[in-house]
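*Asks:* My structure file final.json, JSON, C-alpha atoms, is below:
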```json
[["chain", "number", "residue", "atom", "x", "y", "z"],
["A", 1, "MET", "CA", -36.57, -2.98, 241.44],
["A", 2, "ASN", "CA", -35.96, -1.52, 244.91],
["A", 3, "TYR", "CA", -38.65, -1.00, 247.51],
["A", 4, "CYS", "CA", -38.72, 1.06, 250.70],
["A", 5, "ASP", "CA", -41.06, 1.60, 253.64],
["A", 6, "HIS", "CA", -40.85, 3.11, 257.11],
["A", 7, "MET", "CA", -42.26, 2.54, 260.55],
["A", 8, "GLU", "CA", -42.00, 4.33, 263.86],
["A", 9, "SER", "CA", -40.66, 2.06, 266.60],
["A", 10, "PRO", "CA", -40.30, 2.66, 270.34],
["A", 11, "ILE", "CA", -36.64, 3.54, 269.73],
["A", 12, "GLY", "CA", -36.80, 5.48, 266.49],
["A", 13, "LEU", "CA", -37.84, 5.57, 262.87],
["A", 14, "LEU", "CA", -36.96, 2.44, 260.91],
["A", 15, "GLU", "CA", -36.45, 2.20, 257.17],
["A", 16, "VAL", "CA", -36.77, -1.18, 255.49],
["A", 17, "THR", "CA", -35.60, -1.72, 251.93],
["A", 18, "ALA", "CA", -36.08, -4.75, 249.73],
["A", 19, "SER", "CA", -35.42, -6.14, 246.30],
["A", 20, "GLU", "CA", -37.50, -8.75, 244.50],
["A", 21, "ARG", "CA", -35.39, -11.37, 246.38],
["A", 22, "GLY", "CA", -35.81, -10.16, 249.93],
["A", 23, "ILE", "CA", -34.99, -7.60, 252.61],
["A", 24, "THR", "CA", -31.80, -5.72, 251.75],
["A", 25, "SER", "CA", -31.61, -3.40, 254.76],
["A", 26, "LEU", "CA", -33.25, -2.31, 257.98],
["A", 27, "TYR", "CA", -31.77, 0.84, 259.51],
["A", 28, "PHE", "CA", -32.71, 3.51, 262.00],
["A", 29, "VAL", "CA", -33.06, 6.81, 260.14],
["A", 30, "GLU", "CA", -33.69, 10.42, 261.05],
["A", 31, "ARG", "CA", -36.42, 11.01, 258.48],
["A", 32, "ALA", "CA", -38.40, 9.03, 255.94],
["A", 33, "GLN", "CA", -37.38, 9.00, 252.30],
["A", 34, "GLU", "CA", -39.66, 8.21, 249.38],
["A", 35, "THR", "CA", -41.83, 5.17, 250.07],
["A", 36, "LYS", "CA", -42.33, 2.44, 247.48],
["A", 37, "LYS", "CA", -43.93, -0.54, 249.18],
["A", 38, "SER", "CA", -43.93, -4.20, 248.17],
["A", 39, "SER", "CA", -45.33, -7.37, 249.65],
["A", 40, "ILE", "CA", -41.89, -8.03, 251.18],
["A", 41, "THR", "CA", -41.67, -4.61, 252.86],
["A", 42, "ASP", "CA", -45.27, -5.04, 254.06],
["A", 43, "GLN", "CA", -44.37, -8.42, 255.64],
["A", 44, "ALA", "CA", -41.28, -6.90, 257.25],
["A", 45, "ILE", "CA", -43.23, -3.98, 258.76],
["A", 46, "THR", "CA", -45.85, -6.41, 260.10],
["A", 47, "GLN", "CA", -43.25, -8.72, 261.65],
["A", 48, "ILE", "CA", -41.17, -5.88, 263.10],
["A", 49, "SER", "CA", -44.31, -4.38, 264.64],
["A", 50, "GLU", "CA", -45.14, -7.76, 266.16],
["A", 51, "TYR", "CA", -41.60, -7.97, 267.54],
["A", 52, "PHE", "CA", -41.93, -4.58, 269.25],
["A", 53, "ASP", "CA", -45.40, -5.56, 270.54],
["A", 54, "SER", "CA", -43.84, -8.71, 272.12],
["A", 55, "LYS", "CA", -45.89, -10.96, 269.82],
["A", 56, "ARG", "CA", -42.99, -12.26, 267.72],
["A", 57, "THR", "CA", -39.65, -13.80, 268.68],
["A", 58, "VAL", "CA", -38.60, -15.24, 265.29],
["A", 59, "PHE", "CA", -38.63, -13.52, 261.91],
["A", 60, "ASN", "CA", -39.72, -15.37, 258.81],
["A", 61, "LEU", "CA", -38.67, -13.14, 255.94],
["A", 62, "PRO", "CA", -36.64, -13.60, 252.76],
["A", 63, "LEU", "CA", -33.28, -11.88, 253.14],
["A", 64, "GLY", "CA", -31.29, -10.37, 250.30],
["A", 65, "ALA", "CA", -28.42, -8.42, 251.85],
["A", 66, "LYS", "CA", -25.25, -8.18, 249.82],
["A", 67, "GLY", "CA", -21.91, -8.98, 251.42],
["A", 68, "THR", "CA", -18.79, -11.09, 251.15],
["A", 69, "VAL", "CA", -18.98, -14.84, 251.67],
["A", 70, "PHE", "CA", -17.55, -14.39, 255.17],
["A", 71, "GLN", "CA", -20.06, -11.64, 256.03],
["A", 72, "GLN", "CA", -22.91, -13.82, 254.77],
["A", 73, "ASP", "CA", -21.65, -16.69, 256.97],
["A", 74, "VAL", "CA", -21.53, -14.40, 260.02],
["A", 75, "TRP", "CA", -25.00, -13.02, 259.32],
["A", 76, "ARG", "CA", -26.43, -16.53, 258.95],
["A", 77, "GLU", "CA", -24.82, -17.46, 262.28],
["A", 78, "LEU", "CA", -26.34, -14.37, 263.94],
["A", 79, "CYS", "CA", -29.77, -15.63, 262.88],
["A", 80, "THR", "CA", -29.21, -18.74, 265.02],
["A", 81, "ILE", "CA", -28.96, -16.67, 268.22],
["A", 82, "GLY", "CA", -32.36, -17.05, 269.83],
["A", 83, "PHE", "CA", -34.60, -14.30, 271.14],
["A", 84, "GLY", "CA", -33.41, -13.23, 274.59],
["A", 85, "LYS", "CA", -30.04, -14.93, 274.18],
["A", 86, "THR", "CA", -26.61, -13.42, 273.66],
["A", 87, "ARG", "CA", -23.29, -14.67, 272.34],
["A", 88, "SER", "CA", -19.83, -13.21, 272.34],
["A", 89, "TYR", "CA", -17.85, -12.43, 269.22],
["A", 90, "GLN", "CA", -15.64, -15.37, 270.19],
["A", 91, "ASP", "CA", -18.69, -17.66, 270.36],
["A", 92, "VAL", "CA", -19.65, -16.65, 266.82],
["A", 93, "ALA", "CA", -16.09, -17.18, 265.55],
["A", 94, "ASN", "CA", -16.02, -20.60, 267.20],
["A", 95, "ALA", "CA", -19.38, -21.54, 265.67],
["A", 96, "LEU", "CA", -17.90, -20.68, 262.26],
["A", 97, "GLN", "CA", -15.00, -23.00, 263.09],
["A", 98, "ASN", "CA", -12.62, -20.06, 262.82],
["A", 99, "PRO", "CA", -11.72, -19.14, 266.43],
["A", 100, "LYS", "CA", -9.04, -16.65, 265.38],
["A", 101, "ALA", "CA", -11.53, -14.59, 263.37],
["A", 102, "VAL", "CA", -12.93, -12.66, 266.35],
["A", 103, "ARG", "CA", -12.06, -9.24, 264.90],
["A", 104, "ALA", "CA", -13.35, -10.22, 261.46],
["A", 105, "VAL", "CA", -16.59, -11.39, 263.09],
["A", 106, "GLY", "CA", -16.83, -8.01, 264.81],
["A", 107, "ALA", "CA", -16.30, -6.21, 261.51],
["A", 108, "ALA", "CA", -18.92, -8.34, 259.72],
["A", 109, "ASN", "CA", -21.31, -7.85, 262.63],
["A", 110, "GLY", "CA", -20.85, -4.09, 262.35],
["A", 111, "ARG", "CA", -21.60, -4.19, 258.62],
["A", 112, "ASN", "CA", -24.85, -6.10, 259.04],
["A", 113, "PRO", "CA", -27.36, -4.10, 256.97],
["A", 114, "ILE", "CA", -30.45, -5.80, 258.40],
["A", 115, "SER", "CA", -30.56, -4.81, 262.06],
["A", 116, "ILE", "CA", -33.02, -6.49, 264.44],
["A", 117, "ILE", "CA", -34.05, -9.16, 261.89],
["A", 118, "VAL", "CA", -30.42, -10.33, 261.65],
["A", 119, "PRO", "CA", -29.83, -9.84, 265.38],
["A", 120, "CYS", "CA", -26.37, -8.29, 265.60],
["A", 121, "HIS", "CA", -27.55, -6.63, 268.83],
["A", 122, "ARG", "CA", -27.36, -10.07, 270.50],
["A", 123, "VAL", "CA", -23.57, -10.17, 270.16],
["A", 124, "ILE", "CA", -21.75, -8.80, 273.19],
["A", 125, "GLY", "CA", -18.20, -8.68, 274.50],
["A", 126, "ALA", "CA", -16.70, -11.77, 276.12],
["A", 127, "ASN", "CA", -16.88, -9.98, 279.48],
["A", 128, "GLY", "CA", -20.61, -9.27, 279.01],
["A", 129, "ALA", "CA", -20.05, -5.65, 277.99],
["A", 130, "LEU", "CA", -22.39, -4.07, 275.49],
["A", 131, "THR", "CA", -19.82, -3.31, 272.85],
["A", 132, "GLY", "CA", -20.55, -1.09, 269.87],
["A", 133, "TYR", "CA", -23.76, -1.11, 267.90],
["A", 134, "ALA", "CA", -24.12, 0.85, 264.66],
["A", 135, "SER", "CA", -27.42, 2.32, 265.86],
["A", 136, "GLY", "CA", -26.06, 3.20, 269.30],
["A", 137, "VAL", "CA", -25.41, 1.24, 272.46],
["A", 138, "ASP", "CA", -28.57, 2.70, 274.04],
["A", 139, "ARG", "CA", -30.68, 1.06, 271.34],
["A", 140, "LYS", "CA", -28.74, -2.19, 271.75],
["A", 141, "ALA", "CA", -29.44, -2.14, 275.48],
["A", 142, "TRP", "CA", -33.13, -1.39, 274.84],
["A", 143, "LEU", "CA", -33.44, -4.32, 272.40],
["A", 144, "LEU", "CA", -31.71, -6.74, 274.77],
["A", 145, "LYS", "CA", -33.87, -5.57, 277.66],
["A", 146, "HIS", "CA", -37.00, -5.91, 275.47],
["A", 147, "GLU", "CA", -35.98, -9.51, 274.78],
["A", 148, "GLY", "CA", -35.27, -10.23, 278.45],
["A", 149, "ALA", "CA", -31.53, -10.70, 277.88],
["A", 150, "LEU", "CA", -30.71, -7.74, 280.16],
["A", 151, "LEU", "CA", -32.39, -7.38, 283.48],
["A", 152, "PHE", "CA", -31.58, -3.77, 284.40]]
```
Rewrite the structure from the file as structure tokens, please.
*Replies:*
Amino acid sequence: MNYCDHMESPIGLLEVTASERGITSLYFVERAQETKKSSITDQAITQISEYFDSKRTVFNLPLGAKGTVFQQDVWRELCTIGFGKTRSYQDVANALQNPKAVRAVGAANGRNPISIIVPCHRVIGANGALTGYASGVDRKAWLLKHEGALLF
């Protein structure tokens, strides 16, 4: 069974989807599709709202995204990057004990289906540049500023 719900955030409409196992995606969307809520989507909407209201810095949700073993490893590593912190793609590759996998880390980061909760926005270029973000660099900058990681 698949579930879906939506919420308006300060930077756009979010769609959260879930299975019986956990959250399968969180994307910015242009318009809402059919809603079919579950306790998991309800928890996600509550926690995401708390995040945007500066009342939550850590998510506590079951995750159920599908991906390769390597992608899953990268996504787990992203979840270790604390609120308001950033890491480079090289840092993530090093943490996975695979320092030559920088490009593969970037590709897995870009395929992360659970934005914000799995904080791919916290990964930046080695030179501090805000490199690509599937939902737009402006949103990435907003999220990092919201978390206090960017001071402009």
*Asks:* Around all listed atoms of region 71-85 of chain A, padded 8 Å per side, what centre and edge lengths does the axis-aligned box have in Å to one decimal, as lines of an AutoDock Vina configuration file?
*Replies:*
```
center_x = -27.3
center_y = -15.2
center_z = 264.7
size_x = 30.5
size_y = 23.1
size_z = 35.8
```
*Asks:* Measuring atom to atom with only C-alpha atoms, identify which of A:Arg122, A:Ile11, A:Ser115, A:Glu34 is nearest to Asp91 (chain A).
*Replies:*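 Among A:Arg122, A:Ile11, A:Ser115, A:Glu34, it is A:Arg122 that comes nearest to Asp91 (chain A).
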*Asks:* Which residue out of A:Val58, A:Val69, A:Leu78, A:Leu63 has the minimum interatomic distance to Thr17 (chain A) when all atoms listed in the file are used?
*Replies:* A:Leu63
*Asks:* Between A:Ala149, A:Met1, A:Met7, A:Ile116, which residue has the minimum interatomic distance to Ser25 (chain A), considering all atoms listed in the file?
*Replies:*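 Closest candidate: A:Ile116.
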*Asks:* Restricting the calculation to only C-alpha atoms: of A:Phe70, A:Tyr27, A:Trp75, A:Phe83, which residue gets closest to Tyr51 (chain A)?
*Replies:* A:Phe83
*Asks:* Identify, on the basis of all atoms listed in the file, every residue whose closest approach to Thr86 (chain A) does not exceed 8 Å; exclude the query and any residue fewer than 2 positions from it along the same chain; express the result as a list in words.
*Replies:*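 Close residues of Thr86 (chain A): Ile81, Gly82, Gly84, Ser88, Arg122, Val123, Ile124 and Ala149 of chain A.
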*Asks:* Select, from A:Val16, A:Val74, A:Ala101, A:Leu130, the residue with the minimum atom-to-atom distance to Ile114 (chain A), counting all atoms listed in the file.
*Replies:* A:Val16
